[in-house]
2 protein chains.
Amino acid sequence: MKGFLDNIRRVTPYTPGEQPSGKVIKLNTNECPYPPSPKVVEALKNMDHERLRLYPEIACESLTAALADYYGIKQAQIFAGVGSDDVLSMCFLTFFAGKKPILFPDITYSFYDVWAEVYGIPYEKKALDRDFGIIASDYYGENGGVVIANPNAPTGILQSLDFIEDIVKHNPDSVVIVDEAYIDFGGETALPLIDRYENVIVVRTMSKSRALAGMRIGYAFGAPDLIRALNDVKYSVNSYTMNTPSLIAGKAAIEDDAYFREIISKVIRTRIRGEEELCKLGFRLRPSSTNFIFAAPPEGYSAEDIFARLKERGIYVRYFRQPERISDHLRITVGTDEEMKALITALEEITGG
Amino acid sequence: MKGFLDNIRRVTPYTPGEQPSGKVIKLNTNECPYPPSPKVVEALKNMDHERLRLYPEIACESLTAALADYYGIKQAQIFAGVGSDDVLSMCFLTFFAGKKPILFPDITYSFYDVWAEVYGIPYEKKALDRDFGIIASDYYGENGGVVIANPNAPTGILQSLDFIEDIVKHNPDSVVIVDEAYIDFGGETALPLIDRYENVIVVRTMSKSRALAGMRIGYAFGAPDLIRALNDVKYSVNSYTMNTPSLIAGKAAIEDDAYFREIISKVIRTRIRGEEELCKLGFRLRPSSTNFIFAAPPEGYSAEDIFARLKERGIYVRYFRQPERISDHLRITVGTDEEMKALITALEEITGG
């Protein structure tokens, strides 16, 4: 008889990786294995805590100014939010209010269809090819918008800037979102496109490459008109999203480029070694352009089984039962060299390799 | 020719109070004039900054545990978010997915119709009576949900718990949201209703009474089924909303009850003195149950004009041109005694009082 139940929105939420506590080797949510920049820690410690009684900067000015400076673009071309999930969610709400279906790959960040569902946006998934490649021409037809993760997740596969530009060019009547959560690990960014195309939004996060998952800092680049529309919708949802510490931490992180480059190259070196070791064990994989490795176990071994047996040993990786095409894969976040050694040792034991 | 413009959501965002920088007397956004608890500052300084590389707690467990303890309820009855705006926004998205119009007063927190618009929720505003009172029977009819701010804003007027319960009782088929952003300043909370009614949600914030506007911490109480629905929608928008520092600050704030009581009573004392002084100057007002005073200037003076002349003197209060019925009022946040003295002196000069 509870009539109000009829008015409750029915959703199937996104399932993030487990967040186990205690001493485990955590290679399941693509966090950075290194701590944030010491300059971030210093900035947070030196923050004027009395200021916390006041609302934060409404337009995240200090952060967007630092980002504009770093990337050599205008502040009016930047939107900031509570992690790239918040930024992407706002993009879906803002740019996909039409009636035509939006398009994205069938295997990609599994939050895209969740946002489409919660905001009532029609959508269509386009199948990746047999090698998990995105087929550009699938995105040439009429649509209400396009979302491409580059590098794609959880495949780790990078597309070239020309490939991305081709999709943007073929969609003058749609906003094309390029989700670059992992671009810092070796890809060419679509950032230059924002000066040449009015319909492209490039989304970034500080969670992975800047070791700040716990701060929730994301941002987007785009033409000032698009950024203005995004801000209008944001101000229609929550006037103040990023709190004062996150603005301070974000600014300090972007200003410490040396540390950023150092941890990025460490992660890339460890990833390459990890890829080699996994290949030796008979895992099948493509070169990753991210901070994770997407790999299928040797013939005769089940990914789900290995996932479970690693977990018994206190090593958490990510396993996706759905979509079925990737249910024979594991997504392994690149940890420290020690963590990767422990992983390889465990896999040797499990596979008898 | 830009087709994508047709797909952009058109909104009229909420207009928050100005956030001037520099040395001003800021009585325009209902912030607390006192700094956060020293225990909050200590907890933030002592935080394990290395942990920031990891995602925050997904269910805000440490904060909801502290809140459950403090309020004597179950963790399953608590939802937490990025300020009460985030919490309210999620409530609108979650509980108001029906086709019938939701109801709220015509003069109230002006974000309600913004959320209804952005999420495509039909709504109907019910006029306050001549004394800015809420008419309970206006909320007895069929509806898709009810939202009542208690105390109401920007009027500052409190309704009794019986009054709120009456509206909840008359709406077994709707979720009734009680927005208690200002309840700590002297009202009786509807919190006990959550054990007796399955359809009530009580929303709170740490921005005002706990001096943490800059941290963005809000929360809601309700039956576990409602909280579960809220979390499902939240996990469909952004898995991790509250960052690690805000969880730490929120927990420390709720645990320092002595400091909370101290600043609350200081604000209330200053408010009462401010009300007396304003009355002496011929301002017309009703006793406030909040951390602000809603007052109409003496006959012959325009609120808009006084607003502008205060601003010239570096004193910021809030003026609402809309709705018209309150365009002859000013909303004045209770500051420190010194700030209120400066305000009264300025008003004496302006009104020649």
# chains A, B, ... in the order shown; residues from 1 in each chain; ligands from 1
>>> residues_around(residues="stretch 35-46 of chain A", least_positions_apart="6", cutoff="12 Å", atoms="only C-alpha atoms", output="PyMOL selection string")
(chain A and resi 206-215+244-264+335-336) or (chain B and resi 41-54+245)
>>> write_last_selection(atoms="C-alpha atoms", output="JSON list (two decimals), in the first residue's frame")
[["chain", "number", "residue", "atom", "x", "y", "z"],
["A", 206, "MET", "CA", 43.32, 13.50, -10.73],
["A", 207, "SER", "CA", 42.36, 10.14, -9.19],
["A", 208, "LYS", "CA", 44.81, 8.00, -11.12],
["A", 209, "SER", "CA", 47.77, 9.89, -12.56],
["A", 210, "ARG", "CA", 47.97, 12.41, -9.73],
["A", 211, "ALA", "CA", 47.39, 9.98, -6.87],
["A", 212, "LEU", "CA", 44.38, 11.86, -5.51],
["A", 213, "ALA", "CA", 41.48, 9.39, -5.68],
["A", 214, "GLY", "CA", 40.63, 10.28, -2.07],
["A", 215, "MET", "CA", 40.18, 13.97, -2.93],
["A", 244, "THR", "CA", 38.03, 23.93, -0.08],
["A", 245, "PRO", "CA", 40.63, 21.19, 0.57],
["A", 246, "SER", "CA", 40.03, 19.64, -2.86],
["A", 247, "LEU", "CA", 40.54, 23.01, -4.56],
["A", 248, "ILE", "CA", 43.78, 23.49, -2.64],
["A", 249, "ALA", "CA", 45.01, 19.96, -3.31],
["A", 250, "GLY", "CA", 44.13, 20.13, -7.00],
["A", 251, "LYS", "CA", 46.01, 23.37, -7.50],
["A", 252, "ALA", "CA", 49.09, 22.07, -5.68],
["A", 253, "ALA", "CA", 49.00, 18.80, -7.65],
["A", 254, "ILE", "CA", 48.86, 20.47, -11.04],
["A", 255, "GLU", "CA", 51.70, 22.79, -10.09],
["A", 256, "ASP", "CA", 54.05, 19.93, -9.18],
["A", 257, "ASP", "CA", 54.74, 18.69, -12.68],
["A", 258, "ALA", "CA", 58.08, 17.09, -11.79],
["A", 259, "TYR", "CA", 56.50, 14.74, -9.25],
["A", 260, "PHE", "CA", 53.68, 13.94, -11.68],
["A", 261, "ARG", "CA", 56.14, 12.95, -14.40],
["A", 262, "GLU", "CA", 58.15, 10.90, -11.95],
["A", 263, "ILE", "CA", 55.26, 8.74, -10.73],
["A", 264, "ILE", "CA", 53.85, 8.39, -14.24],
["A", 335, "GLY", "CA", 51.00, -1.38, -8.32],
["A", 336, "THR", "CA", 54.50, -0.89, -6.98],
["B", 41, "VAL", "CA", 41.25, 21.28, 12.57],
["B", 42, "GLU", "CA", 43.33, 18.81, 14.56],
["B", 43, "ALA", "CA", 41.76, 15.81, 12.83],
["B", 44, "LEU", "CA", 42.43, 17.33, 9.41],
["B", 45, "LYS", "CA", 46.02, 18.15, 10.27],
["B", 46, "ASN", "CA", 46.63, 14.65, 11.62],
["B", 47, "MET", "CA", 45.02, 12.93, 8.66],
["B", 48, "ASP", "CA", 47.09, 10.25, 6.94],
["B", 49, "HIS", "CA", 47.72, 12.21, 3.75],
["B", 50, "GLU", "CA", 49.21, 9.20, 2.01],
["B", 51, "ARG", "CA", 45.74, 7.63, 2.12],
["B", 52, "LEU", "CA", 44.54, 10.28, -0.33],
["B", 53, "ARG", "CA", 45.89, 8.14, -3.17],
["B", 54, "LEU", "CA", 43.05, 5.71, -2.39],
["B", 245, "PRO", "CA", 38.95, 15.09, 4.38]]
>>> residues_around(residues="A:Ile121", least_positions_apart="3", cutoff="12 Å", atoms="only C-alpha atoms", output="PyMOL selection string")
(chain A and resi 89+91-103+112-118+124+143-145) or (chain B and resi 7+9+119)
>>> write_last_selection(atoms="N, CA and C atoms", output="short mmCIF file (atom, residue, chain, number, x, y, z; two decimals), in the first residue's frame")
data_model
loop_
_atom_site.label_atom_id
_atom_site.label_comp_id
_atom_site.auth_asym_id
_atom_site.auth_seq_id
_atom_site.Cartn_x
_atom_site.Cartn_y
_atom_site.Cartn_z
N SER A 89 28.88 12.78 -15.22
CA SER A 89 27.45 12.78 -14.89
C SER A 89 26.81 14.11 -15.29
N CYS A 91 27.94 16.12 -17.57
CA CYS A 91 27.96 16.17 -19.04
C CYS A 91 26.75 15.42 -19.61
N PHE A 92 26.47 14.24 -19.09
CA PHE A 92 25.31 13.48 -19.56
C PHE A 92 24.03 14.30 -19.36
N LEU A 93 23.90 14.86 -18.16
CA LEU A 93 22.69 15.62 -17.83
C LEU A 93 22.57 16.87 -18.71
N THR A 94 23.70 17.48 -19.01
CA THR A 94 23.70 18.75 -19.75
C THR A 94 23.54 18.55 -21.26
N PHE A 95 24.34 17.66 -21.85
CA PHE A 95 24.46 17.63 -23.30
C PHE A 95 23.57 16.59 -23.98
N PHE A 96 22.99 15.71 -23.20
CA PHE A 96 22.23 14.62 -23.80
C PHE A 96 20.74 14.71 -23.45
N ALA A 97 20.19 15.91 -23.62
CA ALA A 97 18.78 16.10 -23.28
C ALA A 97 17.89 15.94 -24.51
N GLY A 98 18.45 15.45 -25.62
CA GLY A 98 17.66 15.26 -26.83
C GLY A 98 16.93 13.92 -26.84
N LYS A 99 16.29 13.61 -27.95
CA LYS A 99 15.49 12.39 -28.03
C LYS A 99 16.21 11.26 -28.76
N LYS A 100 17.22 11.60 -29.55
CA LYS A 100 17.95 10.56 -30.28
C LYS A 100 18.90 9.82 -29.33
N PRO A 101 19.15 8.54 -29.61
CA PRO A 101 20.03 7.79 -28.71
C PRO A 101 21.47 8.28 -28.76
N ILE A 102 22.10 8.29 -27.62
CA ILE A 102 23.54 8.55 -27.60
C ILE A 102 24.25 7.22 -27.86
N LEU A 103 25.48 7.30 -28.32
CA LEU A 103 26.23 6.11 -28.71
C LEU A 103 27.51 5.96 -27.89
N TYR A 112 28.60 4.49 -18.10
CA TYR A 112 27.89 5.27 -19.13
C TYR A 112 26.41 4.89 -19.22
N ASP A 113 26.14 3.58 -19.24
CA ASP A 113 24.71 3.24 -19.35
C ASP A 113 23.96 3.52 -18.05
N VAL A 114 24.68 3.51 -16.93
CA VAL A 114 24.03 3.83 -15.66
C VAL A 114 23.57 5.30 -15.66
N TRP A 115 24.43 6.21 -16.13
CA TRP A 115 24.03 7.62 -16.21
C TRP A 115 22.87 7.79 -17.20
N ALA A 116 22.98 7.10 -18.33
CA ALA A 116 21.90 7.20 -19.32
C ALA A 116 20.58 6.76 -18.70
N GLU A 117 20.62 5.67 -17.94
CA GLU A 117 19.40 5.16 -17.31
C GLU A 117 18.85 6.14 -16.28
N VAL A 118 19.72 6.63 -15.41
CA VAL A 118 19.22 7.46 -14.30
C VAL A 118 18.64 8.78 -14.82
N GLU A 124 22.46 3.64 -27.29
CA GLU A 124 22.71 2.47 -28.11
C GLU A 124 24.18 2.12 -27.96
N ASN A 143 22.71 10.69 -34.17
CA ASN A 143 22.72 10.30 -32.75
C ASN A 143 22.51 11.53 -31.89
N GLY A 144 22.28 11.30 -30.60
CA GLY A 144 22.08 12.40 -29.65
C GLY A 144 23.35 12.78 -28.91
N GLY A 145 24.44 12.11 -29.24
CA GLY A 145 25.71 12.36 -28.55
C GLY A 145 26.58 11.12 -28.63
N ASN B 7 20.19 19.71 -28.03
CA ASN B 7 20.23 18.64 -27.03
C ASN B 7 20.71 19.12 -25.66
N ARG B 9 20.45 20.83 -22.18
CA ARG B 9 19.41 21.08 -21.19
C ARG B 9 19.35 22.57 -20.87
N TYR B 119 15.37 18.08 -13.19
CA TYR B 119 15.05 16.65 -13.26
C TYR B 119 13.67 16.38 -13.90
#
>>> residues_around(residues="A:Cys279", least_positions_apart="6", cutoff="10 Å", atoms="only C-alpha atoms", output="PDB file with N, CA and C atoms, in the first residue's frame")
ATOM      1  N   ARG A 273      57.087  -4.093 -17.354  1.00  0.00           N
ATOM      2  CA  ARG A 273      57.643  -5.312 -16.741  1.00  0.00           C
ATOM      3  C   ARG A 273      56.526  -6.304 -16.415  1.00  0.00           C
ATOM      4  N   LEU A 285      47.492 -10.659 -23.774  1.00  0.00           N
ATOM      5  CA  LEU A 285      47.152  -9.256 -23.547  1.00  0.00           C
ATOM      6  C   LEU A 285      47.649  -8.385 -24.692  1.00  0.00           C
ATOM      7  N   ARG A 286      47.069  -7.188 -24.759  1.00  0.00           N
ATOM      8  CA  ARG A 286      47.513  -6.167 -25.711  1.00  0.00           C
ATOM      9  C   ARG A 286      48.257  -5.097 -24.920  1.00  0.00           C
ATOM     10  N   ALA A 295      44.108  -8.603 -19.111  1.00  0.00           N
ATOM     11  CA  ALA A 295      44.756  -9.828 -19.584  1.00  0.00           C
ATOM     12  C   ALA A 295      43.864 -11.045 -19.412  1.00  0.00           C
ATOM     13  N   ALA A 296      43.966 -11.962 -20.371  1.00  0.00           N
ATOM     14  CA  ALA A 296      43.239 -13.235 -20.290  1.00  0.00           C
ATOM     15  C   ALA A 296      44.223 -14.311 -19.836  1.00  0.00           C
ATOM     16  N   PRO A 297      43.827 -15.133 -18.862  1.00  0.00           N
ATOM     17  CA  PRO A 297      44.720 -16.175 -18.347  1.00  0.00           C
ATOM     18  C   PRO A 297      45.066 -17.191 -19.429  1.00  0.00           C
ATOM     19  N   PRO A 298      46.103 -17.977 -19.184  1.00  0.00           N
ATOM     20  CA  PRO A 298      46.484 -19.009 -20.145  1.00  0.00           C
ATOM     21  C   PRO A 298      45.313 -19.962 -20.397  1.00  0.00           C
TER      22      PRO A 298
END
>>> residues_around(residues="B:Gln159", least_positions_apart="6", cutoff="9 Å", atoms="only C-alpha atoms", output="list of chain:residue names")
B:Gly133, B:Ile134, B:Asn150, B:Pro151, B:Asn152, B:Gly187, B:Glu188
>>> write_last_selection(atoms="N, CA and C atoms", output="short mmCIF file (atom, residue, chain, number, x, y, z; two decimals), in the first residue's frame")
data_model
loop_
_atom_site.label_atom_id
_atom_site.label_comp_id
_atom_site.auth_asym_id
_atom_site.auth_seq_id
_atom_site.Cartn_x
_atom_site.Cartn_y
_atom_site.Cartn_z
N GLY B 133 3.19 32.13 7.04
CA GLY B 133 3.00 30.81 7.65
C GLY B 133 2.66 29.78 6.58
N ILE B 134 3.08 28.54 6.82
CA ILE B 134 2.74 27.44 5.91
C ILE B 134 1.34 26.96 6.27
N ASN B 150 12.02 23.51 7.48
CA ASN B 150 11.62 23.88 8.83
C ASN B 150 12.85 24.00 9.73
N PRO B 151 13.15 25.22 10.22
CA PRO B 151 12.50 26.49 9.93
C PRO B 151 12.54 26.79 8.44
N ASN B 152 11.56 27.58 7.99
CA ASN B 152 11.52 27.93 6.58
C ASN B 152 12.58 29.00 6.29
N GLY B 187 14.98 24.87 16.85
CA GLY B 187 13.75 24.16 16.51
C GLY B 187 13.73 22.75 17.06
N GLU B 188 12.53 22.16 17.00
CA GLU B 188 12.41 20.76 17.41
C GLU B 188 12.48 19.90 16.15
#
>>> select_by_dssp(residues="stretch 127-313 of chain A", states="helix (DSSP H, G or I)", output="short mmCIF file (atom, residue, chain, number, x, y, z; two decimals) with N, CA and C atoms, in the first residue's frame")
data_model
loop_
_atom_site.label_atom_id
_atom_site.label_comp_id
_atom_site.auth_asym_id
_atom_site.auth_seq_id
_atom_site.Cartn_x
_atom_site.Cartn_y
_atom_site.Cartn_z
N ALA A 136 35.17 3.26 -35.88
CA ALA A 136 34.82 4.68 -35.99
C ALA A 136 33.50 4.89 -36.72
N SER A 137 33.30 4.16 -37.81
CA SER A 137 32.12 4.42 -38.65
C SER A 137 30.81 4.11 -37.92
N ASP A 138 30.88 3.34 -36.84
CA ASP A 138 29.68 3.09 -36.03
C ASP A 138 29.13 4.38 -35.44
N TYR A 139 29.97 5.40 -35.39
CA TYR A 139 29.58 6.65 -34.72
C TYR A 139 29.32 7.77 -35.73
N LEU A 161 44.91 10.25 -31.97
CA LEU A 161 44.20 11.52 -32.00
C LEU A 161 43.43 11.68 -33.31
N ASP A 162 44.01 11.21 -34.43
CA ASP A 162 43.31 11.27 -35.72
C ASP A 162 41.99 10.51 -35.66
N PHE A 163 42.04 9.36 -35.03
CA PHE A 163 40.84 8.54 -34.89
C PHE A 163 39.75 9.30 -34.13
N ILE A 164 40.14 9.91 -33.02
CA ILE A 164 39.19 10.68 -32.21
C ILE A 164 38.67 11.87 -33.01
N GLU A 165 39.58 12.57 -33.68
CA GLU A 165 39.18 13.76 -34.45
C GLU A 165 38.18 13.36 -35.54
N ASP A 166 38.41 12.22 -36.16
CA ASP A 166 37.49 11.73 -37.19
C ASP A 166 36.07 11.59 -36.65
N ILE A 167 35.95 11.05 -35.46
CA ILE A 167 34.61 10.89 -34.85
C ILE A 167 34.01 12.25 -34.52
N VAL A 168 34.83 13.14 -34.00
CA VAL A 168 34.35 14.49 -33.67
C VAL A 168 33.85 15.19 -34.93
N LYS A 169 34.64 15.08 -36.00
CA LYS A 169 34.34 15.73 -37.28
C LYS A 169 33.04 15.19 -37.89
N ILE A 183 44.60 9.00 -19.96
CA ILE A 183 45.43 9.51 -21.04
C ILE A 183 46.87 9.81 -20.59
N ASP A 184 47.02 10.19 -19.32
CA ASP A 184 48.36 10.58 -18.85
C ASP A 184 49.37 9.44 -18.91
N PHE A 185 48.88 8.19 -19.04
CA PHE A 185 49.79 7.05 -19.03
C PHE A 185 50.28 6.67 -20.42
N LEU A 191 42.85 17.30 -26.26
CA LEU A 191 42.74 18.69 -25.80
C LEU A 191 42.84 19.72 -26.93
N PRO A 192 43.80 19.57 -27.89
CA PRO A 192 43.89 20.60 -28.95
C PRO A 192 42.60 20.74 -29.76
N LEU A 193 41.77 19.70 -29.77
CA LEU A 193 40.54 19.76 -30.56
C LEU A 193 39.57 20.82 -30.04
N ILE A 194 39.66 21.16 -28.75
CA ILE A 194 38.64 22.07 -28.21
C ILE A 194 38.74 23.46 -28.82
N ASP A 195 39.89 23.82 -29.38
CA ASP A 195 39.99 25.12 -30.04
C ASP A 195 39.45 25.07 -31.47
N ALA A 213 42.82 9.99 -5.65
CA ALA A 213 41.48 9.39 -5.68
C ALA A 213 40.66 9.82 -4.46
N GLY A 214 41.33 9.94 -3.31
CA GLY A 214 40.63 10.28 -2.07
C GLY A 214 40.16 11.72 -1.99
N MET A 215 40.60 12.57 -2.94
CA MET A 215 40.18 13.97 -2.93
C MET A 215 39.00 14.24 -3.85
N PRO A 224 33.98 27.46 -24.65
CA PRO A 224 33.34 28.22 -23.56
C PRO A 224 31.82 28.06 -23.51
N ASP A 225 31.17 27.94 -24.68
CA ASP A 225 29.71 27.78 -24.67
C ASP A 225 29.30 26.47 -23.99
N LEU A 226 30.05 25.42 -24.26
CA LEU A 226 29.74 24.13 -23.64
C LEU A 226 30.02 24.19 -22.14
N ILE A 227 31.13 24.82 -21.77
CA ILE A 227 31.48 24.91 -20.35
C ILE A 227 30.42 25.73 -19.61
N ARG A 228 29.94 26.78 -20.27
CA ARG A 228 28.90 27.61 -19.65
C ARG A 228 27.63 26.78 -19.41
N ALA A 229 27.26 25.99 -20.40
CA ALA A 229 26.06 25.14 -20.26
C ALA A 229 26.24 24.13 -19.13
N LEU A 230 27.44 23.57 -19.05
CA LEU A 230 27.75 22.62 -17.98
C LEU A 230 27.63 23.29 -16.61
N ASN A 231 28.17 24.49 -16.51
CA ASN A 231 28.09 25.19 -15.22
C ASN A 231 26.66 25.54 -14.86
N ASP A 232 25.86 25.92 -15.86
CA ASP A 232 24.46 26.23 -15.57
C ASP A 232 23.76 25.02 -14.96
N VAL A 233 24.01 23.85 -15.53
CA VAL A 233 23.37 22.65 -15.00
C VAL A 233 23.95 22.32 -13.63
N LYS A 234 25.25 22.45 -13.50
CA LYS A 234 25.87 22.21 -12.18
C LYS A 234 25.26 23.12 -11.11
N THR A 244 36.81 23.12 -0.11
CA THR A 244 38.03 23.93 -0.08
C THR A 244 39.30 23.08 -0.11
N PRO A 245 39.40 21.99 0.68
CA PRO A 245 40.63 21.19 0.57
C PRO A 245 40.86 20.62 -0.83
N SER A 246 39.81 20.23 -1.53
CA SER A 246 40.03 19.64 -2.86
C SER A 246 40.52 20.70 -3.84
N LEU A 247 40.05 21.94 -3.69
CA LEU A 247 40.54 23.01 -4.56
C LEU A 247 42.03 23.28 -4.30
N ILE A 248 42.38 23.26 -3.02
CA ILE A 248 43.78 23.49 -2.64
C ILE A 248 44.67 22.35 -3.13
N ALA A 249 44.21 21.12 -2.91
CA ALA A 249 45.01 19.96 -3.31
C ALA A 249 45.16 19.89 -4.83
N GLY A 250 44.09 20.19 -5.54
CA GLY A 250 44.13 20.13 -7.00
C GLY A 250 45.11 21.13 -7.58
N LYS A 251 45.09 22.33 -7.04
CA LYS A 251 46.01 23.37 -7.50
C LYS A 251 47.46 22.95 -7.23
N ALA A 252 47.72 22.47 -6.03
CA ALA A 252 49.09 22.07 -5.68
C ALA A 252 49.55 20.89 -6.56
N ALA A 253 48.64 19.98 -6.85
CA ALA A 253 49.00 18.80 -7.65
C ALA A 253 49.38 19.20 -9.07
N ILE A 254 48.61 20.10 -9.64
CA ILE A 254 48.86 20.47 -11.04
C ILE A 254 50.15 21.29 -11.14
N GLU A 255 50.49 21.96 -10.06
CA GLU A 255 51.70 22.79 -10.09
C GLU A 255 52.98 21.98 -9.89
N ASP A 257 54.64 19.50 -11.46
CA ASP A 257 54.74 18.69 -12.68
C ASP A 257 55.87 17.65 -12.59
N ALA A 258 56.94 18.01 -11.89
CA ALA A 258 58.08 17.09 -11.79
C ALA A 258 57.66 15.80 -11.10
N TYR A 259 56.94 15.93 -9.99
CA TYR A 259 56.50 14.74 -9.25
C TYR A 259 55.54 13.90 -10.11
N PHE A 260 54.64 14.60 -10.78
CA PHE A 260 53.68 13.94 -11.68
C PHE A 260 54.41 13.09 -12.71
N ARG A 261 55.41 13.69 -13.36
CA ARG A 261 56.14 12.95 -14.40
C ARG A 261 56.90 11.77 -13.80
N GLU A 262 57.39 11.96 -12.61
CA GLU A 262 58.15 10.90 -11.95
C GLU A 262 57.26 9.67 -11.67
N ILE A 263 56.08 9.91 -11.07
CA ILE A 263 55.26 8.74 -10.73
C ILE A 263 54.66 8.11 -11.99
N ILE A 264 54.36 8.93 -12.98
CA ILE A 264 53.85 8.39 -14.24
C ILE A 264 54.88 7.44 -14.86
N SER A 265 56.13 7.88 -14.89
CA SER A 265 57.11 7.02 -15.57
C SER A 265 57.41 5.77 -14.75
N LYS A 266 57.31 5.88 -13.43
CA LYS A 266 57.45 4.68 -12.61
C LYS A 266 56.32 3.69 -12.91
N VAL A 267 55.12 4.17 -12.97
CA VAL A 267 53.97 3.29 -13.25
C VAL A 267 54.15 2.64 -14.62
N ILE A 268 54.57 3.42 -15.61
CA ILE A 268 54.71 2.88 -16.97
C ILE A 268 55.80 1.80 -17.00
N ARG A 269 56.93 2.08 -16.35
CA ARG A 269 58.00 1.07 -16.31
C ARG A 269 57.51 -0.22 -15.65
N THR A 270 56.83 -0.08 -14.53
CA THR A 270 56.32 -1.27 -13.83
C THR A 270 55.29 -2.00 -14.68
N ARG A 271 54.46 -1.24 -15.38
CA ARG A 271 53.44 -1.86 -16.24
C ARG A 271 54.11 -2.72 -17.31
N ILE A 272 55.15 -2.15 -17.95
CA ILE A 272 55.81 -2.90 -19.04
C ILE A 272 56.43 -4.19 -18.51
N ARG A 273 57.09 -4.09 -17.35
CA ARG A 273 57.64 -5.31 -16.74
C ARG A 273 56.53 -6.30 -16.41
N GLY A 274 55.43 -5.80 -15.88
CA GLY A 274 54.29 -6.67 -15.53
C GLY A 274 53.73 -7.35 -16.77
N GLU A 275 53.64 -6.61 -17.86
CA GLU A 275 53.14 -7.18 -19.11
C GLU A 275 54.05 -8.32 -19.57
N GLU A 276 55.36 -8.08 -19.48
CA GLU A 276 56.33 -9.12 -19.87
C GLU A 276 56.15 -10.38 -19.03
N GLU A 277 56.06 -10.19 -17.72
CA GLU A 277 55.93 -11.33 -16.80
C GLU A 277 54.63 -12.10 -17.08
N LEU A 278 53.57 -11.37 -17.29
CA LEU A 278 52.28 -12.02 -17.56
C LEU A 278 52.35 -12.81 -18.86
N CYS A 279 53.00 -12.25 -19.86
CA CYS A 279 53.16 -12.96 -21.14
C CYS A 279 53.93 -14.26 -20.92
N LYS A 280 55.00 -14.16 -20.12
CA LYS A 280 55.79 -15.37 -19.83
C LYS A 280 54.92 -16.46 -19.22
N ALA A 303 39.36 -16.98 -15.61
CA ALA A 303 39.67 -15.66 -15.03
C ALA A 303 38.98 -15.53 -13.67
N GLU A 304 37.74 -15.98 -13.61
CA GLU A 304 36.98 -15.86 -12.36
C GLU A 304 37.64 -16.66 -11.24
N ASP A 305 38.13 -17.83 -11.60
CA ASP A 305 38.79 -18.68 -10.62
C ASP A 305 40.10 -18.04 -10.12
N ILE A 306 40.86 -17.52 -11.06
CA ILE A 306 42.12 -16.86 -10.66
C ILE A 306 41.84 -15.64 -9.78
N PHE A 307 40.82 -14.88 -10.17
CA PHE A 307 40.39 -13.73 -9.37
C PHE A 307 40.13 -14.16 -7.92
N ALA A 308 39.39 -15.27 -7.76
CA ALA A 308 39.02 -15.74 -6.42
C ALA A 308 40.25 -16.24 -5.66
N ARG A 309 41.14 -16.92 -6.37
CA ARG A 309 42.30 -17.48 -5.68
C ARG A 309 43.32 -16.40 -5.32
N LEU A 310 43.38 -15.34 -6.13
CA LEU A 310 44.23 -14.20 -5.76
C LEU A 310 43.67 -13.53 -4.50
N LYS A 311 42.36 -13.42 -4.47
CA LYS A 311 41.70 -12.77 -3.34
C LYS A 311 41.97 -13.54 -2.05
N GLU A 312 41.94 -14.86 -2.13
CA GLU A 312 42.28 -15.69 -0.95
C GLU A 312 43.67 -15.35 -0.43
#
>>> select_by_dssp(residues="stretch 92-179 of chain A", states="strand (DSSP E or B)", output="VMD selection string")
chain A and resid 102 to 105 123 to 126 145 to 149 176 to 179
>>> atom_distance(atom1="atom CA of A:Asp328", atom2="atom CA of A:Pro287")
17.3 Å
>>> atom_distance(atom1="atom CA of A:Ala190", atom2="atom CA of A:Tyr109")
18.2 Å
>>> closest_residue(among="A:Ile217, A:Arg318, A:Ser288, A:Arg325", to="A:Thr15", atoms="only C-alpha atoms")
A:Arg318
>>> atom_distance(atom1="atom CA of B:Pro154", atom2="atom CA of B:Ile293")
8.5 Å
>>> residues_around(residues="A:Thr333", least_positions_apart="2", cutoff="6 Å", atoms="only C-alpha atoms", output="PyMOL selection string")
chain A and resi 27-28+30+292
>>> closest_residue(among="A:Phe111, A:Phe104, A:Phe320, A:Tyr140", to="chain B", atoms="only C-alpha atoms")
A:Phe111
>>> closest_residue(among="A:Gln75, A:Asn291, A:Ser327, A:Thr12", to="A:Thr29", atoms="only C-alpha atoms")
A:Asn291
